[in-house]
$ cat coords21.cif   # mmCIF, C-alpha atoms and all ligand atoms
data_target
loop_
_atom_site.label_atom_id
_atom_site.label_comp_id
_atom_site.auth_asym_id
_atom_site.auth_seq_id
_atom_site.Cartn_x
_atom_site.Cartn_y
_atom_site.Cartn_z
CA MET A 244 0.00 0.00 0.00
CA ILE A 245 1.20 3.47 -0.80
CA THR A 246 1.07 6.12 1.87
CA PHE A 247 1.66 9.77 1.38
CA ALA A 248 3.17 10.62 4.73
CA SER A 249 6.22 11.74 2.79
CA GLU A 250 4.22 14.66 1.41
CA LYS A 251 4.61 16.34 4.76
CA ARG A 252 8.33 16.64 4.04
CA ASP A 253 9.89 19.64 2.35
CA ALA A 254 7.63 20.61 -0.56
CA LYS A 255 10.74 21.19 -2.68
CA GLU A 256 11.77 17.57 -2.34
CA PHE A 257 11.18 15.34 -5.39
CA LEU A 258 10.03 11.79 -4.69
CA SER A 259 9.74 8.53 -6.56
CA TYR A 260 6.68 6.35 -5.96
CA ALA A 261 8.06 3.33 -7.84
CA PRO A 262 7.62 0.39 -7.74
CA GLY A 263 4.51 1.03 -5.60
CA TYR A 264 1.71 -1.31 -6.63
CA TRP A 265 4.10 -3.28 -8.91
CA PRO A 266 6.69 -4.55 -6.37
CA ASN A 267 7.80 -7.56 -8.41
CA THR A 268 8.49 -5.83 -11.70
CA ALA A 269 12.06 -5.87 -12.90
CA PRO A 270 13.56 -2.38 -13.25
CA GLU A 271 14.35 -2.92 -16.93
CA LEU A 272 10.64 -3.54 -17.57
CA TRP A 273 9.49 -0.73 -15.32
CA ASN A 274 11.77 1.72 -17.12
CA ASN A 275 10.60 0.60 -20.55
CA TRP A 276 7.91 2.91 -21.90
CA LYS A 277 6.35 0.19 -24.03
CA TRP A 278 5.93 -2.01 -20.94
CA GLN A 279 4.37 0.94 -19.10
CA PHE A 280 1.98 1.55 -21.98
CA LYS A 281 1.03 -2.12 -22.33
CA ASN A 282 0.41 -2.49 -18.60
CA ARG A 283 -1.90 0.48 -18.19
CA VAL A 284 -4.78 0.13 -15.74
CA THR A 285 -7.90 0.07 -17.89
CA SER A 286 -10.57 -1.96 -16.06
CA LEU A 287 -12.65 -1.95 -12.91
CA ALA A 288 -11.10 -5.25 -11.81
CA GLN A 289 -7.58 -3.82 -12.08
CA LEU A 290 -8.60 -0.71 -10.17
CA GLU A 291 -10.23 -2.70 -7.41
CA LYS A 292 -7.15 -4.84 -7.03
CA HIS A 293 -5.33 -1.81 -5.66
CA LEU A 294 -7.84 0.86 -4.64
CA GLU A 295 -10.88 1.06 -2.40
CA LEU A 296 -13.30 2.73 -4.76
CA SER A 297 -16.14 4.95 -3.60
CA ASP A 298 -19.64 4.31 -5.00
CA GLU A 299 -19.25 7.44 -7.16
CA GLU A 300 -16.02 6.12 -8.65
CA ARG A 301 -17.28 2.57 -9.22
CA SER A 302 -20.39 3.82 -11.05
CA GLY A 303 -18.26 6.24 -13.05
CA VAL A 304 -15.87 3.49 -14.14
CA LEU A 305 -18.75 1.31 -15.34
CA LEU A 306 -19.96 4.14 -17.58
CA SER A 307 -16.57 5.36 -18.78
CA ASP A 308 -16.39 3.19 -21.87
CA ASP A 309 -19.22 5.21 -23.44
CA LYS A 310 -17.58 8.57 -22.91
CA LEU A 311 -13.84 8.73 -22.28
CA ALA A 312 -11.90 5.53 -21.74
CA LEU A 313 -10.14 4.71 -18.50
CA ALA A 314 -6.37 4.27 -18.85
CA ILE A 315 -3.61 5.06 -16.37
CA THR A 316 0.05 4.15 -16.73
CA PRO A 317 1.59 2.21 -13.82
CA HIS A 318 3.95 5.15 -13.23
CA PHE A 319 1.05 7.58 -12.73
CA PHE A 320 -1.13 5.03 -10.96
CA ASN A 321 1.47 4.86 -8.19
CA LEU A 322 0.53 8.46 -7.29
CA LEU A 323 -2.98 7.32 -6.31
CA PRO A 324 -3.58 6.58 -2.63
CA ARG A 325 -5.43 3.37 -1.88
CA ASN A 326 -8.32 4.88 0.02
CA ASN A 327 -8.94 8.56 -0.58
CA PRO A 328 -11.35 9.21 -3.48
CA GLU A 329 -10.95 12.96 -2.97
CA ASP A 330 -7.20 12.83 -3.53
CA PRO A 331 -6.20 15.50 -6.09
CA ILE A 332 -4.48 13.03 -8.41
CA ARG A 333 -7.29 10.49 -8.14
CA ARG A 334 -9.88 13.11 -9.11
CA GLN A 335 -8.03 13.74 -12.37
CA VAL A 336 -7.94 10.18 -13.71
CA ILE A 337 -10.54 7.99 -11.98
CA PRO A 338 -13.99 8.33 -13.61
CA ARG A 339 -16.83 9.41 -11.32
CA ILE A 340 -20.59 9.25 -11.69
CA GLU A 341 -20.64 13.07 -11.71
CA GLU A 342 -19.41 12.83 -15.33
CA THR A 343 -22.99 11.92 -16.23
CA TRP A 344 -24.38 15.10 -14.69
CA THR A 345 -25.46 17.68 -17.22
CA SER A 346 -25.16 21.40 -16.67
CA PRO A 347 -26.88 23.97 -18.91
CA TYR A 348 -23.43 25.32 -19.84
CA ASP A 349 -21.89 22.03 -20.95
CA MET A 350 -20.67 21.65 -24.53
CA ALA A 351 -19.21 18.80 -26.56
CA ASP A 352 -16.73 21.04 -28.36
CA PRO A 353 -16.21 24.06 -26.07
CA CYS A 354 -13.35 25.54 -28.10
CA GLY A 355 -15.26 25.37 -31.38
CA GLU A 356 -12.54 23.30 -33.04
CA ASP A 357 -14.78 21.23 -35.31
CA SER A 358 -16.11 24.34 -37.03
CA HIS A 359 -12.55 25.57 -37.74
CA MET A 360 -11.28 22.35 -39.31
CA PRO A 361 -10.56 22.84 -43.04
CA VAL A 362 -9.00 19.36 -43.23
CA PRO A 363 -9.86 16.45 -40.90
CA GLY A 364 -7.49 16.80 -37.93
CA LEU A 365 -6.22 20.30 -38.73
CA VAL A 366 -7.71 23.22 -36.78
CA HIS A 367 -7.04 26.65 -38.30
CA ARG A 368 -8.63 29.17 -35.97
CA TYR A 369 -5.94 31.87 -35.68
CA PRO A 370 -4.41 33.56 -38.73
CA ASP A 371 -0.79 32.41 -38.49
CA ARG A 372 -0.92 29.11 -36.63
CA VAL A 373 -2.64 25.74 -36.68
CA LEU A 374 -3.43 22.95 -34.27
CA PHE A 375 -2.61 19.56 -35.78
CA LEU A 376 -4.51 16.71 -34.08
CA VAL A 377 -2.23 13.84 -34.99
CA THR A 378 -3.79 11.10 -32.85
CA ASP A 379 -6.78 10.51 -30.59
CA ARG A 380 -4.80 8.43 -28.07
CA CYS A 381 -2.94 9.44 -24.90
CA ALA A 382 -0.80 7.64 -22.34
CA SER A 383 -3.54 8.15 -19.71
CA TYR A 384 -6.87 9.97 -19.87
CA CYS A 385 -7.80 13.12 -17.94
CA ARG A 386 -11.43 13.18 -16.89
CA TYR A 387 -11.80 16.88 -17.81
CA CYS A 388 -10.26 16.55 -21.28
CA THR A 389 -11.38 19.33 -23.60
CA ARG A 390 -11.28 16.92 -26.52
CA SER A 391 -13.07 14.04 -24.82
CA ARG A 392 -15.52 14.04 -27.75
CA VAL A 393 -12.80 12.36 -29.83
CA VAL A 394 -9.95 11.42 -27.50
CA SER A 395 -9.59 7.72 -26.50
CA GLY A 396 -11.99 6.45 -29.18
CA ALA A 397 -14.77 5.79 -26.63
CA GLY A 398 -17.08 8.71 -27.43
CA GLU A 399 -19.51 9.10 -30.31
CA GLN A 400 -17.17 11.13 -32.49
CA GLU A 401 -14.05 9.79 -34.19
CA LEU A 402 -10.91 11.56 -35.30
CA HIS A 403 -9.78 10.66 -38.81
CA THR A 404 -6.78 12.87 -39.42
CA ASP A 405 -5.94 13.14 -43.10
CA PHE A 406 -2.18 13.61 -42.94
CA GLU A 407 -1.48 14.03 -46.65
CA GLU A 408 -4.32 16.51 -47.10
CA ALA A 409 -3.12 18.39 -43.99
CA PHE A 410 0.43 18.65 -45.38
CA ARG A 411 -0.93 19.91 -48.71
CA TYR A 412 -3.07 22.50 -46.88
CA LEU A 413 -0.05 23.70 -44.92
CA GLU A 414 2.04 23.95 -48.09
CA ARG A 415 -0.64 26.14 -49.71
CA HIS A 416 -1.22 28.34 -46.68
CA THR A 417 1.95 30.37 -46.53
CA GLU A 418 0.54 32.49 -43.71
CA VAL A 419 0.92 29.54 -41.29
CA ARG A 420 4.21 29.94 -39.47
CA ASP A 421 3.47 27.93 -36.30
CA VAL A 422 2.23 24.33 -36.00
CA LEU A 423 1.14 22.85 -32.68
CA LEU A 424 1.05 19.05 -32.57
CA SER A 425 -1.51 17.75 -30.15
CA GLY A 426 -4.37 15.28 -30.04
CA GLY A 427 -4.30 13.04 -28.14
CA ASP A 428 -0.57 12.99 -27.60
CA ALA A 429 2.00 12.83 -30.40
CA LEU A 430 4.70 11.46 -28.10
CA ILE A 431 3.02 8.05 -27.91
CA PHE A 432 4.07 7.56 -31.54
CA SER A 433 7.18 5.52 -32.30
CA ASP A 434 10.48 7.36 -32.74
CA ASP A 435 10.33 6.68 -36.46
CA LYS A 436 6.84 8.11 -36.86
CA ILE A 437 7.70 11.24 -34.87
CA ASP A 438 10.85 11.70 -36.94
CA LYS A 439 8.94 11.42 -40.23
CA LEU A 440 6.17 13.74 -39.08
CA LEU A 441 8.53 16.48 -37.90
CA SER A 442 10.72 16.10 -40.95
CA ARG A 443 7.71 16.51 -43.26
CA LEU A 444 6.65 19.68 -41.44
CA ARG A 445 10.18 21.09 -41.40
CA ALA A 446 10.33 20.65 -45.19
CA ILE A 447 7.64 23.36 -45.53
CA PRO A 448 9.72 26.53 -45.76
CA HIS A 449 7.26 29.02 -44.21
CA ILE A 450 6.74 26.97 -41.05
CA GLU A 451 9.06 28.68 -38.61
CA PHE A 452 8.01 27.23 -35.32
CA LEU A 453 6.96 23.77 -34.12
CA ARG A 454 5.29 23.03 -30.82
CA ILE A 455 4.22 19.82 -29.14
CA GLY A 456 1.50 19.83 -26.50
CA THR A 457 2.01 16.73 -24.38
CA ARG A 458 1.31 15.09 -21.05
CA VAL A 459 3.60 12.14 -21.81
CA PRO A 460 6.54 13.45 -19.73
CA ILE A 461 4.17 13.39 -16.74
CA PHE A 462 2.16 10.20 -17.42
CA LEU A 463 4.97 8.24 -19.03
CA PRO A 464 8.37 9.82 -18.28
CA GLN A 465 10.08 6.61 -19.48
CA ARG A 466 9.10 7.67 -23.03
CA ILE A 467 11.52 10.60 -22.91
CA THR A 468 14.50 8.53 -23.96
CA PRO A 469 17.84 9.96 -25.12
CA GLU A 470 16.97 8.65 -28.61
CA LEU A 471 13.68 10.57 -28.67
CA CYS A 472 15.42 13.73 -27.42
CA ALA A 473 18.00 13.41 -30.21
CA ILE A 474 15.20 13.20 -32.79
CA LEU A 475 13.37 16.23 -31.38
CA ALA A 476 16.60 18.24 -31.28
CA LYS A 477 16.94 17.91 -35.08
CA TYR A 478 13.89 20.10 -35.64
CA HIS A 479 14.57 23.28 -33.71
CA PRO A 480 13.05 25.70 -33.04
CA LEU A 481 10.80 23.17 -31.34
CA TRP A 482 9.03 24.10 -28.12
CA MET A 483 6.99 21.96 -25.80
CA SER A 484 4.01 22.59 -23.56
CA VAL A 485 3.65 20.02 -20.82
CA HIS A 486 0.63 19.66 -18.57
CA VAL A 487 1.04 19.39 -14.80
CA ASN A 488 -1.79 20.24 -12.42
CA HIS A 489 -0.52 19.27 -9.00
CA PRO A 490 2.96 19.35 -7.43
CA ARG A 491 2.88 15.63 -6.61
CA GLU A 492 2.93 14.86 -10.34
CA LEU A 493 6.49 16.18 -10.43
CA THR A 494 8.23 12.99 -9.34
CA ILE A 495 11.95 12.28 -9.60
CA GLU A 496 11.31 10.42 -12.88
CA VAL A 497 9.34 13.34 -14.31
CA LYS A 498 11.98 15.84 -13.25
CA GLN A 499 14.67 13.76 -14.97
CA ALA A 500 12.56 13.47 -18.13
CA LEU A 501 12.02 17.24 -18.20
CA GLU A 502 15.74 17.79 -17.71
CA ARG A 503 16.50 15.52 -20.69
CA LEU A 504 14.15 17.61 -22.82
CA ALA A 505 15.64 20.87 -21.57
CA ASN A 506 19.16 19.54 -22.23
CA ALA A 507 18.05 18.83 -25.81
CA GLY A 508 17.46 22.57 -26.12
CA ILE A 509 13.67 22.39 -25.97
CA PRO A 510 12.07 25.39 -24.20
CA LEU A 511 9.44 24.00 -21.82
CA GLY A 512 6.23 25.66 -20.68
CA ASN A 513 3.50 24.26 -18.47
CA GLN A 514 -0.25 24.47 -18.91
CA SER A 515 -2.37 23.71 -15.85
CA VAL A 516 -6.13 23.43 -15.74
CA LEU A 517 -7.73 24.93 -12.66
CA LEU A 518 -9.68 22.04 -11.12
CA ALA A 519 -11.88 21.86 -8.04
CA GLY A 520 -10.35 19.72 -5.33
CA VAL A 521 -7.11 19.40 -7.30
CA ASN A 522 -5.28 22.71 -7.42
CA ASP A 523 -7.84 25.40 -6.58
CA ASP A 524 -5.88 26.93 -3.75
CA LEU A 525 -2.97 29.32 -3.65
CA GLU A 526 -0.57 27.18 -1.65
CA THR A 527 -0.89 24.20 -4.02
CA MET A 528 -0.37 26.44 -7.06
CA LYS A 529 2.55 28.23 -5.47
CA THR A 530 4.26 24.92 -4.68
CA LEU A 531 3.55 23.74 -8.23
CA VAL A 532 5.01 26.80 -9.97
CA HIS A 533 8.12 26.78 -7.78
CA ARG A 534 8.73 23.10 -8.46
CA LEU A 535 8.20 23.65 -12.19
CA LEU A 536 10.96 26.26 -12.21
CA ILE A 537 13.28 23.78 -10.49
CA CYS A 538 12.45 21.36 -13.35
CA ARG A 539 13.35 24.13 -15.84
CA VAL A 540 9.74 24.54 -16.93
CA ARG A 541 8.18 28.00 -17.18
CA PRO A 542 4.59 28.08 -15.85
CA TYR A 543 2.80 29.34 -18.96
CA TYR A 544 -0.99 29.13 -18.61
CA ILE A 545 -3.58 28.34 -16.00
CA TYR A 546 -6.75 27.52 -17.88
CA GLN A 547 -10.20 28.03 -16.50
CA CYS A 548 -11.70 24.56 -17.03
CA ASP A 549 -13.50 24.45 -20.37
CA LEU A 550 -17.26 23.86 -20.34
CA ILE A 551 -16.78 20.29 -21.48
CA ASN A 552 -19.64 17.84 -21.00
CA GLY A 553 -19.54 16.13 -17.63
CA SER A 554 -16.90 18.35 -16.03
CA SER A 555 -19.07 20.56 -13.83
CA HIS A 556 -17.90 18.80 -10.65
CA LEU A 557 -14.32 19.75 -11.52
CA ARG A 558 -14.95 23.36 -12.48
CA THR A 559 -14.21 26.25 -10.11
CA SER A 560 -15.34 29.86 -10.14
CA VAL A 561 -13.39 32.26 -12.35
CA ALA A 562 -12.85 34.35 -9.20
CA LYS A 563 -10.74 31.50 -7.77
CA GLY A 564 -8.30 31.78 -10.67
CA ILE A 565 -8.05 35.55 -10.25
CA GLU A 566 -7.44 35.08 -6.52
CA ILE A 567 -4.57 32.66 -7.26
CA ILE A 568 -2.92 35.06 -9.71
CA GLU A 569 -3.36 37.90 -7.21
CA GLY A 570 -1.55 35.73 -4.65
CA LEU A 571 1.34 34.98 -7.02
CA ARG A 572 2.00 38.21 -8.93
CA GLY A 573 4.50 40.32 -7.00
CA HIS A 574 4.65 37.78 -4.20
CA THR A 575 7.02 35.46 -6.03
CA THR A 576 9.38 35.27 -9.03
CA GLY A 577 7.81 36.73 -12.16
CA TYR A 578 8.82 33.67 -14.21
CA ALA A 579 6.72 31.58 -11.81
CA VAL A 580 3.51 33.47 -12.56
CA PRO A 581 1.44 31.93 -15.37
CA GLN A 582 -1.22 33.75 -17.37
CA PHE A 583 -4.73 32.85 -16.30
CA VAL A 584 -6.95 32.43 -19.40
CA ILE A 585 -10.43 31.48 -20.42
CA ASP A 586 -10.71 29.76 -23.79
CA ALA A 587 -13.77 31.71 -24.87
CA PRO A 588 -16.67 29.24 -25.34
CA GLY A 589 -17.53 28.50 -28.94
CA GLY A 590 -14.14 29.29 -30.46
CA GLY A 591 -13.24 32.81 -29.31
CA GLY A 592 -9.70 31.83 -28.42
CA LYS A 593 -7.76 32.42 -25.22
CA VAL A 594 -8.63 35.57 -23.33
CA PRO A 595 -6.27 36.69 -20.53
CA ILE A 596 -7.99 37.27 -17.21
CA ASN A 597 -6.14 39.44 -14.71
CA PRO A 598 -6.77 40.97 -11.34
CA GLY A 599 -7.74 44.66 -11.72
CA TYR A 600 -4.37 46.39 -11.60
CA VAL A 601 -5.47 49.31 -13.82
CA LEU A 602 -7.76 51.55 -11.78
CA TYR A 603 -8.11 54.44 -14.21
CA HIS A 604 -6.76 55.37 -17.62
CA ASP A 605 -7.29 58.42 -19.82
CA ASN A 606 -5.17 60.50 -22.23
CA GLU A 607 -3.29 62.10 -19.36
CA LYS A 608 -2.54 59.35 -16.90
CA ILE A 609 -2.89 55.78 -15.84
CA VAL A 610 -3.63 54.90 -12.23
CA ILE A 611 -2.40 51.51 -11.16
CA ARG A 612 -2.42 49.30 -8.10
CA ASN A 613 0.53 47.09 -7.10
CA TYR A 614 0.47 43.67 -5.42
CA GLU A 615 0.40 45.32 -1.97
CA GLY A 616 -2.64 47.43 -2.85
CA ASN A 617 -0.66 50.67 -3.06
CA ILE A 618 -1.82 53.11 -5.74
CA PHE A 619 0.46 54.89 -8.22
CA GLU A 620 0.04 57.31 -11.13
CA TYR A 621 2.05 57.25 -14.33
CA PRO A 622 1.78 60.08 -16.90
CA GLU A 623 0.32 59.28 -20.32
CA THR A 624 2.27 61.36 -22.83
CA GLY A 625 3.32 61.32 -26.47
CA ASN A 626 0.96 58.60 -27.57
CA GLU A 627 -1.12 60.54 -30.08
CA ASN A 628 -0.65 57.89 -32.76
CA VAL A 629 -1.57 54.94 -30.62
CA GLN A 630 -4.72 53.19 -31.75
CA PHE A 631 -5.98 52.55 -28.26
CA ALA A 632 -9.04 54.07 -26.66
CA PRO A 633 -8.28 54.47 -22.96
CA GLN A 634 -11.07 53.40 -20.71
CA ARG A 635 -11.83 56.23 -18.39
CA GLU A 636 -12.82 54.33 -15.35
CA TYR A 637 -12.36 50.89 -14.01
CA HIS A 638 -12.56 51.05 -10.28
CA ASP A 639 -13.83 54.43 -9.10
CA GLU A 640 -13.95 53.21 -5.55
CA TYR A 641 -10.14 53.09 -5.39
CA LEU A 642 -9.83 56.67 -6.60
CA TYR A 643 -12.41 58.39 -4.54
CA SER A 644 -12.52 56.40 -1.33
S1 LIG B 1 -3.40 14.22 -22.02
FE1 LIG B 1 -4.39 16.02 -22.95
S2 LIG B 1 -5.49 15.22 -24.73
FE2 LIG B 1 -4.97 13.45 -23.40
S3 LIG B 1 -6.75 13.16 -22.09
FE3 LIG B 1 -5.32 14.50 -20.97
S4 LIG B 1 -6.01 16.58 -21.50
FE4 LIG B 1 -6.92 15.19 -23.02
#
$ encode --input "coords21.cif" --output "structure tokens"
Amino acid sequence: MITFASEKRDAKEFLSYAPGYWPNTAPELWNNWKWQFKNRVTSLAQLEKHLELSDEERSGVLLSDDKLALAITPHFFNLLPRNNPEDPIRRQVIPRIEETWTSPYDMADPCGEDSHMPVPGLVHRYPDRVLFLVTDRCASYCRYCTRSRVVSGAGEQELHTDFEEAFRYLERHTEVRDVLLSGGDALIFSDDKIDKLLSRLRAIPHIEFLRIGTRVPIFLPQRITPELCAILAKYHPLWMSVHVNHPRELTIEVKQALERLANAGIPLGNQSVLLAGVNDDLETMKTLVHRLLICRVRPYYIYQCDLINGSSHLRTSVAKGIEIIEGLRGHTTGYAVPQFVIDAPGGGGKVPINPGYVLYHDNEKIVIRNYEGNIFEYPETGNENVQFAPQREYHDEYLYS
């Protein structure tokens, strides 16, 4: 049985939870990503072998095959405590009956991707960049996944990416300078397939910038082999966005995988989703962003949870996200402060949401508040040609109280 007494130790300390529930597995198998992938926990019987499930979890697991499949790598499964259904890691990957709840705000495709897909699998929503959905499979499945309508192959919709048509589209669209590979998760492909895919994209002269959005370094750190890093390093500039929600996910193995990527020259950013009962408090987020910096990862975004079907039990208020940013900005290293965003429902794109630091702004001055609540004025001069209409009042109460 795994206990988490060690969590009470220094929050900066990185831990390994291996071999955990797999005590008799040889290290060479444990460290092999294909073994990890093949031995994922995917059934109720496997779950119940190790965990005491709550009624909500058991019912959720029985229904998961109609919505978003259950799959958890042994590495990540070791982070789950045996008997606490409210554990922040458990809430992310164990299905719950609440996924069948419907809220009037729920949507199947909250980011409006399907309506911006000129080629199956290629989302072209912003002028100069595209999202390339190269697979519908991941190493493990997150219960709040924005793309649960297609990811894992369990839902009603299927992803049929047309690679050749997508390459032809990209060759024709010379305005596209940035391609983000996502899905699903491209890093579950074989080395050879990743190499061919990146090479094909790099052969398109106007594509300047490649990005991979992935949770593989967290779910399956064994996949980040020196051979994979050598392949990725051939295609610079190549950046990577990883996805960590809770500090406990940053194990020794994950830290080492992130270091291998950083040593291959890949700039790393992290995207977290703000989730109820997972990371919706300042202390958890502060520990997370500090540990990310130690792993050489820049905290990039905190997302307000999308209005995806069946996620209402994991969504927080927007005010909670603003409160967290307020508690970070100025109180800790600037590099540790991510941008809080809402992906505007229906396809409006990411909108930054900030605490109200601008109290007043006109053609003569801007009045601002710092992290301590002190108020300052800065003169507005020499900006006659700026195409910006100052808003005359934001927070009158600060000015006249
Ligand atoms: S890793 Fe990403 S794409 Fe896969 S289930 Fe999680 S959020 Fe969805």
$ closest_residue --input "coords21.cif" --among "A:Tyr544, A:Tyr387, A:Tyr478, A:Tyr603" --to "ligand LIG 1 (chain B)" --atoms "only C-alpha atoms and all ligand atoms"
A:Tyr387
$ residues_near_ligand --input "coords21.cif" --ligand "ligand LIG 1 (chain B)" --cutoff "10 Å" --atoms "all atoms listed in the file" --output "PyMOL selection string"
chain A and resi 311-314+335-336+376+378-395+425-429+456-459+461-462+485-487+515-516
$ residues_around --input "coords21.cif" --residues "stretch 326-329 of chain A" --least-positions-apart "4" --cutoff "7 Å" --atoms "only C-alpha atoms" --output "PyMOL selection string"
chain A and resi 294-297+333-334
$ residues_around --input "coords21.cif" --residues "A:Val362" --least-positions-apart "4" --cutoff "8 Å" --atoms "all atoms listed in the file" --output "NGL selection string"
:A and (366 or 404-405 or 408-409 or 412)
$ closest_residue --input "coords21.cif" --among "A:Val373, A:Val594, A:Ala519, A:Leu444" --to "A:Val419" --atoms "all atoms listed in the file"
A:Val373
$ decode --input "coords21.cif" --residues "stretch 277-292 of chain A" --atoms "N, CA and C atoms" --output "mmCIF file, in the first residue's frame"
data_model
loop_
_atom_site.group_PDB
_atom_site.id
_atom_site.type_symbol
_atom_site.label_atom_id
_atom_site.label_comp_id
_atom_site.auth_asym_id
_atom_site.auth_seq_id
_atom_site.Cartn_x
_atom_site.Cartn_y
_atom_site.Cartn_z
ATOM 1 N N LYS A 277 7.326 1.087 -23.375
ATOM 2 C CA LYS A 277 6.350 0.194 -24.029
ATOM 3 C C LYS A 277 5.715 -0.741 -22.999
ATOM 4 N N TRP A 278 6.508 -1.177 -22.018
ATOM 5 C CA TRP A 278 5.935 -2.008 -20.937
ATOM 6 C C TRP A 278 4.918 -1.169 -20.142
ATOM 7 N N GLN A 279 5.282 0.061 -19.834
ATOM 8 C CA GLN A 279 4.367 0.941 -19.096
ATOM 9 C C GLN A 279 3.052 1.106 -19.863
ATOM 10 N N PHE A 280 3.171 1.323 -21.161
ATOM 11 C CA PHE A 280 1.977 1.551 -21.978
ATOM 12 C C PHE A 280 1.114 0.290 -22.021
ATOM 13 N N LYS A 281 1.758 -0.854 -22.212
ATOM 14 C CA LYS A 281 1.034 -2.122 -22.326
ATOM 15 C C LYS A 281 0.359 -2.511 -21.010
ATOM 16 N N ASN A 282 0.925 -2.091 -19.910
ATOM 17 C CA ASN A 282 0.407 -2.494 -18.599
ATOM 18 C C ASN A 282 -0.437 -1.406 -17.938
ATOM 19 N N ARG A 283 -1.040 -0.568 -18.754
ATOM 20 C CA ARG A 283 -1.897 0.477 -18.190
ATOM 21 C C ARG A 283 -3.098 -0.139 -17.468
ATOM 22 N N VAL A 284 -3.578 0.554 -16.461
ATOM 23 C CA VAL A 284 -4.781 0.131 -15.742
ATOM 24 C C VAL A 284 -5.978 0.629 -16.543
ATOM 25 N N THR A 285 -6.803 -0.314 -16.993
ATOM 26 C CA THR A 285 -7.902 0.072 -17.888
ATOM 27 C C THR A 285 -9.255 -0.518 -17.473
ATOM 28 N N SER A 286 -9.294 -1.297 -16.386
ATOM 29 C CA SER A 286 -10.569 -1.956 -16.059
ATOM 30 C C SER A 286 -10.911 -1.782 -14.583
ATOM 31 N N LEU A 287 -12.179 -2.019 -14.296
ATOM 32 C CA LEU A 287 -12.654 -1.949 -12.912
ATOM 33 C C LEU A 287 -11.925 -2.986 -12.051
ATOM 34 N N ALA A 288 -11.751 -4.192 -12.592
ATOM 35 C CA ALA A 288 -11.097 -5.252 -11.812
ATOM 36 C C ALA A 288 -9.672 -4.846 -11.440
ATOM 37 N N GLN A 289 -8.949 -4.252 -12.386
ATOM 38 C CA GLN A 289 -7.575 -3.821 -12.083
ATOM 39 C C GLN A 289 -7.569 -2.722 -11.021
ATOM 40 N N LEU A 290 -8.521 -1.796 -11.155
ATOM 41 C CA LEU A 290 -8.599 -0.710 -10.172
ATOM 42 C C LEU A 290 -8.856 -1.269 -8.784
ATOM 43 N N GLU A 291 -9.824 -2.205 -8.721
ATOM 44 C CA GLU A 291 -10.226 -2.704 -7.411
ATOM 45 C C GLU A 291 -9.169 -3.612 -6.777
ATOM 46 N N LYS A 292 -8.243 -4.052 -7.587
ATOM 47 C CA LYS A 292 -7.145 -4.842 -7.033
ATOM 48 C C LYS A 292 -6.287 -3.974 -6.098
#
